[in-house]
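One file, run-v8.cif, carrying mmCIF, C-alpha atoms:
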```
data_entry
#
loop_
_atom_site.label_atom_id
_atom_site.label_comp_id
_atom_site.auth_asym_id
_atom_site.auth_seq_id
_atom_site.Cartn_x
_atom_site.Cartn_y
_atom_site.Cartn_z
CA MET A 1 -34.73 21.43 -5.26
CA ASP A 2 -31.62 19.98 -3.59
CA LYS A 3 -28.31 20.86 -5.15
CA LYS A 4 -26.71 17.87 -6.82
CA ARG A 5 -23.95 16.48 -4.60
CA THR A 6 -20.48 16.10 -6.01
CA ALA A 7 -17.84 13.60 -4.94
CA LEU A 8 -14.27 14.17 -6.04
CA ILE A 9 -12.10 11.03 -6.13
CA VAL A 10 -8.39 11.81 -6.09
CA ASP A 11 -5.96 8.98 -6.70
CA ASP A 12 -3.10 8.40 -9.11
CA SER A 13 -4.28 4.81 -9.50
CA ARG A 14 -6.95 4.47 -12.18
CA VAL A 15 -8.09 1.16 -10.77
CA SER A 16 -8.65 2.65 -7.31
CA ARG A 17 -10.63 5.51 -8.83
CA LEU A 18 -12.64 2.99 -10.81
CA LEU A 19 -13.59 0.98 -7.70
CA VAL A 20 -14.69 4.08 -5.80
CA ARG A 21 -16.54 5.53 -8.81
CA GLN A 22 -18.38 2.25 -9.25
CA PHE A 23 -19.48 2.35 -5.62
CA PHE A 24 -20.94 5.86 -6.01
CA ILE A 25 -22.65 5.09 -9.30
CA GLU A 26 -24.41 2.11 -7.70
CA ARG A 27 -25.21 3.65 -4.31
CA TYR A 28 -25.66 7.32 -5.12
CA PRO A 29 -26.66 7.47 -8.79
CA ASP A 30 -27.77 11.11 -8.57
CA TRP A 31 -24.36 12.34 -7.42
CA MET A 32 -21.91 13.91 -9.80
CA ILE A 33 -18.60 12.05 -9.68
CA LEU A 34 -15.35 13.77 -10.61
CA GLU A 35 -11.93 12.17 -10.76
CA ALA A 36 -8.44 13.59 -10.45
CA GLY A 37 -5.11 11.79 -10.81
CA SER A 38 -3.07 14.23 -8.73
CA GLY A 39 -3.37 16.87 -6.03
CA GLU A 40 -2.91 19.65 -8.56
CA GLU A 41 -5.69 18.29 -10.75
CA ALA A 42 -7.93 17.92 -7.69
CA ILE A 43 -7.57 21.60 -6.83
CA GLU A 44 -8.29 22.59 -10.42
CA LYS A 45 -11.39 20.36 -10.62
CA ALA A 46 -12.64 21.39 -7.18
CA SER A 47 -12.52 25.04 -8.21
CA MET A 48 -15.02 24.30 -11.00
CA VAL A 49 -17.60 22.70 -8.73
CA GLU A 50 -17.79 22.91 -4.95
CA PRO A 51 -17.40 19.30 -3.80
CA PHE A 52 -19.61 17.83 -1.11
CA LEU A 53 -17.08 15.05 -0.52
CA VAL A 54 -13.42 14.56 -1.43
CA LEU A 55 -11.70 11.19 -1.07
CA ILE A 56 -7.98 11.63 -1.56
CA ASP A 57 -4.96 9.33 -1.62
CA VAL A 58 -1.74 10.40 0.15
CA ASN A 59 1.14 9.03 -1.90
CA MET A 60 0.81 10.58 -5.34
CA PRO A 61 3.22 12.22 -7.74
CA GLY A 62 3.43 15.99 -7.46
CA MET A 63 2.19 17.86 -4.42
CA GLY A 64 0.83 14.76 -2.63
CA GLY A 65 -2.51 14.15 -0.99
CA LEU A 66 -1.96 15.79 2.39
CA ALA A 67 -0.83 19.10 0.88
CA ALA A 68 -3.74 19.03 -1.57
CA ALA A 69 -6.19 18.14 1.20
CA GLU A 70 -4.91 21.06 3.27
CA MET A 71 -5.53 23.45 0.36
CA LEU A 72 -8.96 21.98 -0.32
CA ARG A 73 -9.85 22.32 3.35
CA LYS A 74 -9.02 26.05 3.18
CA MET A 75 -10.90 26.48 -0.10
CA TYR A 76 -13.99 24.58 1.09
CA PRO A 77 -14.31 24.67 4.90
CA ASN A 78 -17.67 22.89 4.73
CA ALA A 79 -16.66 20.07 2.40
CA HIS A 80 -16.25 16.58 3.78
CA ILE A 81 -12.69 15.51 3.07
CA SER A 82 -11.16 12.14 3.86
CA LEU A 83 -7.87 10.51 3.08
CA LEU A 84 -8.31 7.15 1.39
CA THR A 85 -4.88 5.67 1.70
CA ALA A 86 -2.72 2.63 2.39
CA ASN A 87 -0.36 4.82 4.39
CA VAL A 88 -1.43 3.80 7.88
CA GLN A 89 1.37 5.56 9.73
CA ASP A 90 0.36 7.41 12.90
CA PRO A 91 1.86 10.78 11.84
CA VAL A 92 -0.32 10.74 8.70
CA ARG A 93 -3.45 10.11 10.76
CA LYS A 94 -2.44 12.83 13.24
CA GLN A 95 -1.76 15.34 10.48
CA ALA A 96 -5.14 14.59 8.94
CA GLU A 97 -6.82 15.08 12.29
CA LEU A 98 -5.09 18.43 12.77
CA LEU A 99 -6.34 19.54 9.36
CA GLY A 100 -9.89 18.42 10.10
CA ILE A 101 -9.67 15.64 7.55
CA ASP A 102 -11.03 12.13 8.07
CA PHE A 103 -9.11 8.91 7.48
CA LEU A 104 -10.20 5.85 5.53
CA GLN A 105 -7.84 2.96 5.08
CA LYS A 106 -7.20 1.13 1.81
CA PRO A 107 -7.86 -1.36 0.38
CA PHE A 108 -11.21 -0.16 -0.92
CA ASN A 109 -13.95 -1.67 1.16
CA GLU A 110 -17.56 -1.04 0.22
CA LYS A 111 -18.89 -1.25 3.78
CA ARG A 112 -16.22 1.06 5.17
CA ILE A 113 -16.96 3.75 2.59
CA SER A 114 -20.69 3.20 2.81
CA ASP A 115 -20.66 3.62 6.61
CA TYR A 116 -18.64 6.80 6.22
CA VAL A 117 -20.79 8.37 3.50
CA GLU A 118 -24.04 7.44 5.25
CA LYS A 119 -22.96 9.53 8.23
CA LEU A 120 -22.56 12.56 5.98
CA VAL A 121 -25.80 12.49 4.02
CA MET B 1 28.68 -9.28 8.24
CA MET B 2 26.36 -7.86 10.88
CA ASN B 3 25.15 -10.08 13.67
CA LEU B 4 21.91 -9.83 15.54
CA ASN B 5 21.76 -11.25 19.03
CA GLU B 6 19.00 -13.70 19.89
CA LEU B 7 16.74 -11.08 21.45
CA GLN B 8 17.13 -8.70 18.49
CA HIS B 9 16.47 -11.56 16.08
CA ASP B 10 13.31 -12.61 17.93
CA ALA B 11 12.07 -9.03 18.19
CA LEU B 12 12.67 -8.42 14.49
CA ILE B 13 10.76 -11.54 13.51
CA GLU B 14 7.91 -10.58 15.84
CA ILE B 15 7.73 -7.00 14.53
CA PHE B 16 7.74 -8.14 10.89
CA ASN B 17 5.22 -10.81 11.81
CA ILE B 18 2.83 -8.11 13.01
CA GLY B 19 3.51 -6.06 9.87
CA SER B 20 2.97 -9.01 7.57
CA GLY B 21 -0.27 -9.81 9.42
CA ARG B 22 -1.51 -6.35 8.43
CA ALA B 23 -0.31 -6.97 4.88
CA ALA B 24 -2.23 -10.27 4.84
CA SER B 25 -5.34 -8.51 6.05
CA ALA B 26 -4.96 -5.88 3.31
CA MET B 27 -4.45 -8.56 0.68
CA SER B 28 -7.46 -10.47 1.94
CA GLY B 29 -9.50 -7.28 1.57
CA ILE B 30 -8.35 -6.95 -2.03
CA VAL B 31 -8.93 -10.52 -3.19
CA GLY B 32 -11.88 -11.42 -0.94
CA GLU B 33 -10.49 -14.60 0.52
CA GLU B 34 -8.32 -15.74 3.40
CA VAL B 35 -4.61 -15.22 2.93
CA GLN B 36 -2.13 -17.46 4.74
CA MET B 37 1.21 -15.92 5.70
CA SER B 38 4.39 -17.69 6.79
CA VAL B 39 6.55 -16.62 9.72
CA PRO B 40 9.13 -14.16 8.37
CA ALA B 41 12.46 -15.80 7.47
CA LEU B 42 15.53 -13.70 8.05
CA SER B 43 18.90 -14.26 6.39
CA PHE B 44 22.09 -12.43 5.47
CA VAL B 45 22.85 -13.03 1.79
CA SER B 46 24.54 -11.36 -1.15
CA ARG B 47 22.24 -9.29 -3.35
CA ALA B 48 22.80 -11.83 -6.12
CA GLU B 49 21.61 -14.62 -3.82
CA ALA B 50 18.60 -12.52 -2.81
CA GLY B 51 17.72 -12.27 -6.51
CA THR B 52 17.88 -16.04 -6.87
CA ARG B 53 15.63 -16.50 -3.83
CA LEU B 54 13.02 -14.18 -5.31
CA CYS B 55 12.22 -16.83 -7.90
CA ASP B 56 10.75 -20.15 -6.83
CA PRO B 57 12.34 -23.12 -8.58
CA GLY B 58 10.36 -23.66 -11.76
CA THR B 59 9.16 -20.07 -11.94
CA LYS B 60 10.88 -18.42 -14.86
CA ARG B 61 9.58 -14.90 -14.66
CA ILE B 62 8.11 -13.00 -11.78
CA CYS B 63 6.17 -9.83 -11.42
CA GLY B 64 7.63 -7.57 -8.75
CA ILE B 65 6.26 -4.35 -7.32
CA SER B 66 8.88 -2.53 -5.31
CA GLN B 67 8.98 0.57 -3.17
CA HIS B 68 11.98 2.24 -1.63
CA TYR B 69 11.54 3.54 1.92
CA GLU B 70 13.65 6.04 3.81
CA GLY B 71 13.42 7.55 7.27
CA ALA B 72 13.99 5.45 10.38
CA PHE B 73 15.92 3.05 8.14
CA LYS B 74 16.28 2.46 4.42
CA THR B 75 14.77 -0.60 2.84
CA GLU B 76 13.66 -1.91 -0.48
CA ALA B 77 10.29 -3.63 -0.09
CA ILE B 78 9.06 -5.88 -2.84
CA LEU B 79 5.88 -7.84 -3.49
CA VAL B 80 6.36 -10.79 -5.82
CA PHE B 81 3.97 -12.99 -7.78
CA PRO B 82 4.55 -15.43 -10.61
CA GLU B 83 3.95 -13.43 -13.79
CA GLU B 84 1.23 -15.77 -15.05
CA GLN B 85 -0.92 -15.18 -11.93
CA SER B 86 -0.97 -11.40 -11.91
CA LEU B 87 -3.98 -11.05 -14.23
CA GLU B 88 -5.98 -13.39 -11.97
CA ILE B 89 -5.11 -11.24 -8.94
CA VAL B 90 -6.27 -8.09 -10.75
CA ARG B 91 -9.49 -9.87 -11.69
CA LEU B 92 -10.08 -10.74 -8.03
CA MET B 93 -9.56 -7.08 -7.15
CA VAL B 94 -11.93 -5.47 -9.66
CA GLY B 95 -14.49 -8.28 -9.95
CA GLU B 96 -16.72 -8.12 -13.00
CA ALA B 97 -16.24 -4.39 -13.46
CA LEU B 98 -13.91 -4.72 -16.45
CA SER B 99 -13.78 -6.74 -19.64
CA MET B 100 -10.77 -9.00 -20.25
CA SER B 101 -9.20 -6.47 -22.64
CA GLU B 102 -9.67 -3.67 -20.09
CA LEU B 103 -8.22 -5.92 -17.38
CA THR B 104 -5.16 -6.61 -19.50
CA GLU B 105 -4.76 -2.94 -20.30
CA MET B 106 -4.91 -2.03 -16.60
CA GLU B 107 -2.90 -4.99 -15.30
CA GLN B 108 0.35 -3.16 -14.66
CA GLU B 109 -1.28 -0.18 -12.99
CA ALA B 110 -3.55 -2.39 -10.89
CA MET B 111 -0.64 -4.54 -9.75
CA SER B 112 1.25 -1.39 -8.77
CA GLU B 113 -1.70 -0.30 -6.66
CA ILE B 114 -1.97 -3.75 -5.06
CA GLY B 115 1.75 -3.57 -4.22
CA ASN B 116 1.30 -0.08 -2.85
CA ILE B 117 -1.53 -1.17 -0.55
CA ILE B 118 0.12 -4.35 0.71
CA LEU B 119 3.62 -2.95 1.20
CA ASN B 120 2.35 0.20 2.91
CA SER B 121 0.13 -1.82 5.25
CA CYS B 122 3.20 -3.72 6.37
CA VAL B 123 5.69 -0.83 6.41
CA GLY B 124 3.23 1.55 8.06
CA THR B 125 2.74 -0.95 10.86
CA LEU B 126 6.51 -1.32 11.32
CA ALA B 127 6.88 2.48 11.46
CA ASN B 128 4.12 2.74 14.07
CA ILE B 129 5.73 0.02 16.21
CA PHE B 130 9.07 1.83 16.10
CA GLY B 131 7.34 5.19 16.67
CA ARG B 132 9.14 6.57 13.59
CA GLU B 133 8.27 7.60 10.05
CA LEU B 134 9.15 5.82 6.83
CA HIS B 135 8.66 7.70 3.58
CA GLY B 136 7.96 5.53 0.56
CA SER B 137 8.58 6.10 -3.13
CA LEU B 138 5.82 5.47 -5.62
CA PRO B 139 5.51 1.79 -6.55
CA SER B 140 7.66 0.51 -9.37
CA TYR B 141 6.49 -2.45 -11.46
CA HIS B 142 8.86 -4.91 -13.15
CA VAL B 143 8.59 -8.26 -14.84
CA GLY B 144 11.63 -10.52 -15.22
CA THR B 145 13.86 -12.86 -13.28
CA GLY B 146 14.67 -12.13 -9.63
CA ASP B 147 18.11 -10.87 -10.68
CA GLU B 148 16.65 -8.55 -13.28
CA ILE B 149 14.16 -7.10 -10.83
CA LEU B 150 16.75 -6.50 -8.13
CA SER B 151 19.27 -5.02 -10.57
CA THR B 152 16.89 -2.07 -11.03
CA SER B 153 17.84 -0.92 -7.52
CA GLY B 154 21.44 -0.31 -8.66
CA ALA B 155 23.27 -2.13 -5.83
CA THR B 156 26.22 -4.41 -6.58
CA ALA B 157 25.64 -8.17 -6.74
CA GLU B 158 28.24 -8.84 -4.02
CA ALA B 159 26.77 -6.40 -1.48
CA VAL B 160 25.49 -8.16 1.65
CA VAL B 161 21.89 -7.55 2.50
CA LEU B 162 19.51 -8.60 5.21
CA LEU B 163 16.66 -10.40 3.49
CA LEU B 164 13.32 -10.73 5.27
CA HIS B 165 11.08 -13.02 3.35
CA ILE B 166 7.39 -13.73 4.02
CA ASP B 167 5.43 -16.24 1.91
CA PHE B 168 1.71 -15.91 1.40
CA THR B 169 -0.84 -18.21 -0.16
CA LEU B 170 -4.36 -17.79 -1.46
CA GLU B 171 -5.50 -21.40 -1.13
CA ARG B 172 -8.75 -21.14 -3.06
CA HIS B 173 -7.10 -19.72 -6.17
CA GLN B 174 -3.78 -21.52 -5.73
CA ILE B 175 -1.87 -18.27 -5.84
CA ARG B 176 1.48 -18.01 -4.09
CA GLY B 177 3.67 -15.00 -3.69
CA TYR B 178 5.78 -13.25 -1.14
CA VAL B 179 6.85 -9.98 0.39
CA ALA B 180 10.56 -9.36 0.82
CA PHE B 181 12.53 -6.60 2.48
CA MET B 182 16.17 -5.92 1.74
CA LEU B 183 18.43 -3.80 3.91
CA ASP B 184 22.08 -2.93 3.33
CA VAL B 185 24.69 -2.79 6.09
CA THR B 186 23.98 0.82 7.09
CA ALA B 187 20.26 0.17 7.17
CA ILE B 188 20.77 -2.96 9.29
CA HIS B 189 22.62 -0.87 11.85
CA ASP B 190 19.80 1.71 11.90
CA LEU B 191 17.24 -1.05 12.25
CA GLN B 192 19.19 -2.59 15.14
CA VAL B 193 19.06 0.75 16.96
CA HIS B 194 15.28 0.89 16.57
CA VAL B 195 14.88 -2.73 17.64
CA ASP B 196 16.94 -2.01 20.76
CA GLU B 197 14.78 1.02 21.54
CA TYR B 198 11.68 -1.11 21.03
CA LEU B 199 13.03 -3.80 23.37
CA LEU B 200 13.87 -1.16 25.96
CA ARG B 201 10.30 0.13 25.82
CA MET B 202 8.79 -3.34 25.94
CA VAL B 203 10.98 -5.20 28.43
CA GLY B 204 12.99 -2.42 30.08
#
```

Before anything else, please render the file you have as structure tokens.
Amino acid sequence: MDKKRTALIVDDSRVSRLLVRQFFIERYPDWMILEAGSGEEAIEKASMVEPFLVLIDVNMPGMGGLAAAEMLRKMYPNAHISLLTANVQDPVRKQAELLGIDFLQKPFNEKRISDYVEKLV
Amino acid sequence: MMNLNELQHDALIEIFNIGSGRAASAMSGIVGEEVQMSVPALSFVSRAEAGTRLCDPGTKRICGISQHYEGAFKTEAILVFPEEQSLEIVRLMVGEALSMSELTEMEQEAMSEIGNIILNSCVGTLANIFGRELHGSLPSYHVGTGDEILSTSGATAEAVVLLLHIDFTLERHQIRGYVAFMLDVTAIHDLQVHVDEYLLRMVG
């Protein structure tokens, strides 16, 4: 039997997490969805269950999304990790690319996320 | 007071026009309808006057989401809506996902996230045009008069600032608001340097 896929949504905004969670519940009802409100919490939650996919914001209190994504990338080399951020600055995109992390732009857009996830499954 | 020459003025308007276009696109993505944006208006005013201009005549209280940026230049960016329209904007963002009581409970946080998305779309575009980085604070949400909202930044009322002001309208829902950027004298100088570099790259 296939292992249940887990998506970890990391964002300090509850409303952003809600929109993404809703998308997964409707489109991928058999996935396990975890949420974290900070980079630190993301690392803690990821250590409990190996995530298939991590969507992570950049500007968050504490360690921030890029630092957390870098740690998650080292912890889980096979996980799919993407920034989901309003920070569209070129250096952020370049840093993500160097870390082997994808880039999705906010605001939340169902088609954009759907196209991305469909390429992974 | 700082002066911008005609070329710098035009370039600044054009650069902020591109940034506000990205902000409009982000806002349209949030609310699901077309968003009209005005051409940026640029003026040198006292901080007190900037506070007055943040409130439309007849609008008593506004909801402002501000972020402080540092890096290539320092600026205070602020997204403003009339207070009574913020719940409607949040409803447009989340659709039918939440009950009215949940919407109300999440209003402040949702507005902060909307501000974060819109302001970063604009500021990120400006940073990319200048080929520099701008580091933003987390969004800060305030409700009050324009004066009250600006007083949270701690600057004196007499201080001269460059105010860049962009109106936007959501016709279908009759929602009006605006994005404003405020720069103090030092920041204006830094911005001028980047505008000159941009002009040099563009027109030689």

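You can rank A:His80, A:Arg14, A:Lys106, A:Arg27 by their closest distance to Ala26 of chain B using only C-alpha atoms, and at the top of that list sits A:Lys106.
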
One decimal, in Å: what's the spacing between atom CA of Glu41 of chain A and atom CA of Leu83 of chain A?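 Value for the atom CA of Glu41 of chain A-atom CA of Leu83 of chain A distance: 16.0 Å.
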
Quick one: apply the PyMOL selection byres ((chain B) within 12 of (chain A)) to the file and drop the selected residues here as JSON, numbers by chain. {"B": [19, 22, 23, 24, 25, 26, 27, 28, 29, 30, 31, 32, 67, 90, 91, 93, 94, 95, 96, 97, 98, 102, 103, 105, 106, 107, 108, 109, 110, 111, 112, 113, 114, 115, 116, 117, 118, 119, 120, 121, 122, 123, 124, 125, 126, 127, 128, 129, 130, 131, 132, 133, 134, 135, 136, 137, 138, 139]}

Apply the PyMOL selection byres ((chain A and resi 28) around 12) to the displayed file and report the matching residues as an NGL selection string. :A and (4-7 or 20-27 or 29-33 or 114 or 117-118 or 121)

Using only C-alpha atoms, which residues sit within 9 Å of Gly51 of chain B once same-chain residues fewer than 5 positions away are excluded, as a PyMOL selection string? chain B and resi 46+145-151+157

To verify the selection step, state as an MDAnalysis selection string which residues the PyMOL selection byres ((chain A and resi 73) around 12) yields on this input. chainID A and resid 43 46 50:54 56 65:72 74:83 96:102

Please give the centre and size of the box around segment 12-17 of chain A (axis-aligned, containing every atom listed in the file, 6 Å added per side), with values in Å to one decimal and written as JSON.
```
{"center_x": -6.9, "center_y": 4.8, "center_z": -9.7, "size_x": 19.5, "size_y": 19.2, "size_z": 16.9}
```

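Distance-wise, atom CA of His173 of chain B and atom CA of Ile113 of chain A end up 26.9 Å apart.
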
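Proximity to Glu76 of chain B was assessed for B:Arg61, B:Arg47, B:Arg201, B:Arg172 counting only C-alpha atoms; the smallest distance is recorded for B:Arg47.
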
Segment 158-165 of chain B: which residues within 7 Å, counting all atoms listed in the file, same-chain residues fewer than 2 positions away excluded, as an mmCIF file with C-alpha atoms, keeping the file's coordinate frame?
```
data_model
loop_
_atom_site.group_PDB
_atom_site.id
_atom_site.type_symbol
_atom_site.label_atom_id
_atom_site.label_comp_id
_atom_site.auth_asym_id
_atom_site.auth_seq_id
_atom_site.Cartn_x
_atom_site.Cartn_y
_atom_site.Cartn_z
ATOM 1 C CA PRO B 40 9.130 -14.160 8.370
ATOM 2 C CA ALA B 41 12.460 -15.800 7.470
ATOM 3 C CA LEU B 42 15.530 -13.700 8.050
ATOM 4 C CA SER B 43 18.900 -14.260 6.390
ATOM 5 C CA PHE B 44 22.090 -12.430 5.470
ATOM 6 C CA VAL B 45 22.850 -13.030 1.790
ATOM 7 C CA SER B 46 24.540 -11.360 -1.150
ATOM 8 C CA ARG B 47 22.240 -9.290 -3.350
ATOM 9 C CA ALA B 48 22.800 -11.830 -6.120
ATOM 10 C CA ALA B 50 18.600 -12.520 -2.810
ATOM 11 C CA THR B 156 26.220 -4.410 -6.580
ATOM 12 C CA ASP B 167 5.430 -16.240 1.910
ATOM 13 C CA TYR B 178 5.780 -13.250 -1.140
ATOM 14 C CA VAL B 179 6.850 -9.980 0.390
ATOM 15 C CA ALA B 180 10.560 -9.360 0.820
ATOM 16 C CA PHE B 181 12.530 -6.600 2.480
ATOM 17 C CA MET B 182 16.170 -5.920 1.740
ATOM 18 C CA LEU B 183 18.430 -3.800 3.910
ATOM 19 C CA ASP B 184 22.080 -2.930 3.330
ATOM 20 C CA VAL B 185 24.690 -2.790 6.090
#
```

Quick check, in Å to one decimal: how far apart do atom CA of Ile188 of chain B and atom CA of Arg53 of chain B lie?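 Taking atom CA of Ile188 of chain B as the start and atom CA of Arg53 of chain B as the end point, the length is 19.5 Å.
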
Polymer residues at most 8 Å from Met37 of chain B, only C-alpha atoms, same-chain spacing of 3 or more positions, as a list of chain:residue names: B:Ser20, B:Gly21, B:Ala24, B:Ile166, B:Asp167, B:Phe168, B:Thr169

Nearest to Ala42 of chain A by atom-to-atom distance, counting all atoms listed in the file, from A:Ile9, A:Leu84, A:Lys119, A:Gly62: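 Checking each of A:Ile9, A:Leu84, A:Lys119, A:Gly62 against Ala42 of chain A, counting all atoms listed in the file, the winner is A:Ile9.
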
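The smallest atom-to-atom distance between His194 of chain B and any of B:Leu4, B:Ala72, B:Val80, B:Ile15, using all atoms listed in the file, is found for B:Ala72.
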
Any chance you could model all heavy atoms for segment 16-24 of chain A and send them as a CSV table (one decimal), in the frame of the given file?
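After the write, result_11.csv holds the following:
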```csv
chain,number,residue,atom,x,y,z
A,16,SER,N,-8.0,2.2,-8.6
A,16,SER,CA,-8.6,2.6,-7.3
A,16,SER,C,-9.8,3.6,-7.6
A,16,SER,O,-10.8,3.6,-6.9
A,16,SER,CB,-7.6,3.3,-6.4
A,16,SER,OG,-6.8,2.3,-5.8
A,17,ARG,N,-9.6,4.6,-8.5
A,17,ARG,CA,-10.6,5.5,-8.8
A,17,ARG,C,-11.8,4.8,-9.4
A,17,ARG,O,-13.0,5.1,-9.1
A,17,ARG,CB,-10.1,6.6,-9.8
A,17,ARG,CG,-9.0,7.5,-9.3
A,17,ARG,CD,-8.9,8.7,-10.2
A,17,ARG,NE,-8.8,8.5,-11.6
A,17,ARG,CZ,-7.6,8.4,-12.2
A,17,ARG,NH1,-6.5,8.6,-11.6
A,17,ARG,NH2,-7.6,8.3,-13.5
A,18,LEU,N,-11.6,3.8,-10.2
A,18,LEU,CA,-12.6,3.0,-10.8
A,18,LEU,C,-13.5,2.3,-9.7
A,18,LEU,O,-14.7,2.3,-9.8
A,18,LEU,CB,-12.0,1.9,-11.7
A,18,LEU,CG,-13.0,1.0,-12.4
A,18,LEU,CD1,-13.4,1.5,-13.7
A,18,LEU,CD2,-12.4,-0.4,-12.5
A,19,LEU,N,-12.9,1.7,-8.7
A,19,LEU,CA,-13.6,1.0,-7.7
A,19,LEU,C,-14.5,2.0,-6.9
A,19,LEU,O,-15.6,1.6,-6.6
A,19,LEU,CB,-12.6,0.2,-6.8
A,19,LEU,CG,-11.9,-0.9,-7.4
A,19,LEU,CD1,-10.8,-1.4,-6.5
A,19,LEU,CD2,-12.8,-2.1,-7.8
A,20,VAL,N,-13.9,3.1,-6.6
A,20,VAL,CA,-14.7,4.1,-5.8
A,20,VAL,C,-15.8,4.7,-6.6
A,20,VAL,O,-17.0,4.8,-6.2
A,20,VAL,CB,-13.8,5.2,-5.3
A,20,VAL,CG1,-14.6,6.2,-4.4
A,20,VAL,CG2,-12.7,4.6,-4.4
A,21,ARG,N,-15.5,5.0,-7.9
A,21,ARG,CA,-16.5,5.5,-8.8
A,21,ARG,C,-17.7,4.6,-8.9
A,21,ARG,O,-18.9,4.9,-8.9
A,21,ARG,CB,-15.9,5.8,-10.2
A,21,ARG,CG,-17.0,6.1,-11.3
A,21,ARG,CD,-16.3,6.3,-12.6
A,21,ARG,NE,-15.9,7.6,-12.8
A,21,ARG,CZ,-16.6,8.6,-13.3
A,21,ARG,NH1,-17.9,8.4,-13.5
A,21,ARG,NH2,-16.1,9.8,-13.4
A,22,GLN,N,-17.4,3.3,-9.1
A,22,GLN,CA,-18.4,2.2,-9.2
A,22,GLN,C,-19.3,2.2,-8.0
A,22,GLN,O,-20.5,2.1,-8.2
A,22,GLN,CB,-17.7,0.9,-9.4
A,22,GLN,CG,-18.2,0.0,-10.4
A,22,GLN,CD,-17.4,-1.3,-10.3
A,22,GLN,OE1,-16.4,-1.5,-9.7
A,22,GLN,NE2,-17.9,-2.3,-11.1
A,23,PHE,N,-18.7,2.3,-6.9
A,23,PHE,CA,-19.5,2.4,-5.6
A,23,PHE,C,-20.5,3.5,-5.6
A,23,PHE,O,-21.7,3.3,-5.4
A,23,PHE,CB,-18.5,2.5,-4.4
A,23,PHE,CG,-19.2,2.9,-3.2
A,23,PHE,CD1,-19.9,2.0,-2.4
A,23,PHE,CD2,-19.2,4.3,-2.8
A,23,PHE,CE1,-20.5,2.4,-1.2
A,23,PHE,CE2,-19.8,4.7,-1.6
A,23,PHE,CZ,-20.5,3.7,-0.8
A,24,PHE,N,-20.0,4.7,-6.0
A,24,PHE,CA,-20.9,5.9,-6.0
A,24,PHE,C,-22.0,5.7,-7.1
A,24,PHE,O,-23.2,6.1,-6.8
A,24,PHE,CB,-20.1,7.2,-6.2
A,24,PHE,CG,-19.5,7.6,-4.9
A,24,PHE,CD1,-18.2,7.4,-4.6
A,24,PHE,CD2,-20.3,8.2,-3.9
A,24,PHE,CE1,-17.6,7.8,-3.4
A,24,PHE,CE2,-19.8,8.7,-2.7
A,24,PHE,CZ,-18.4,8.5,-2.5
```
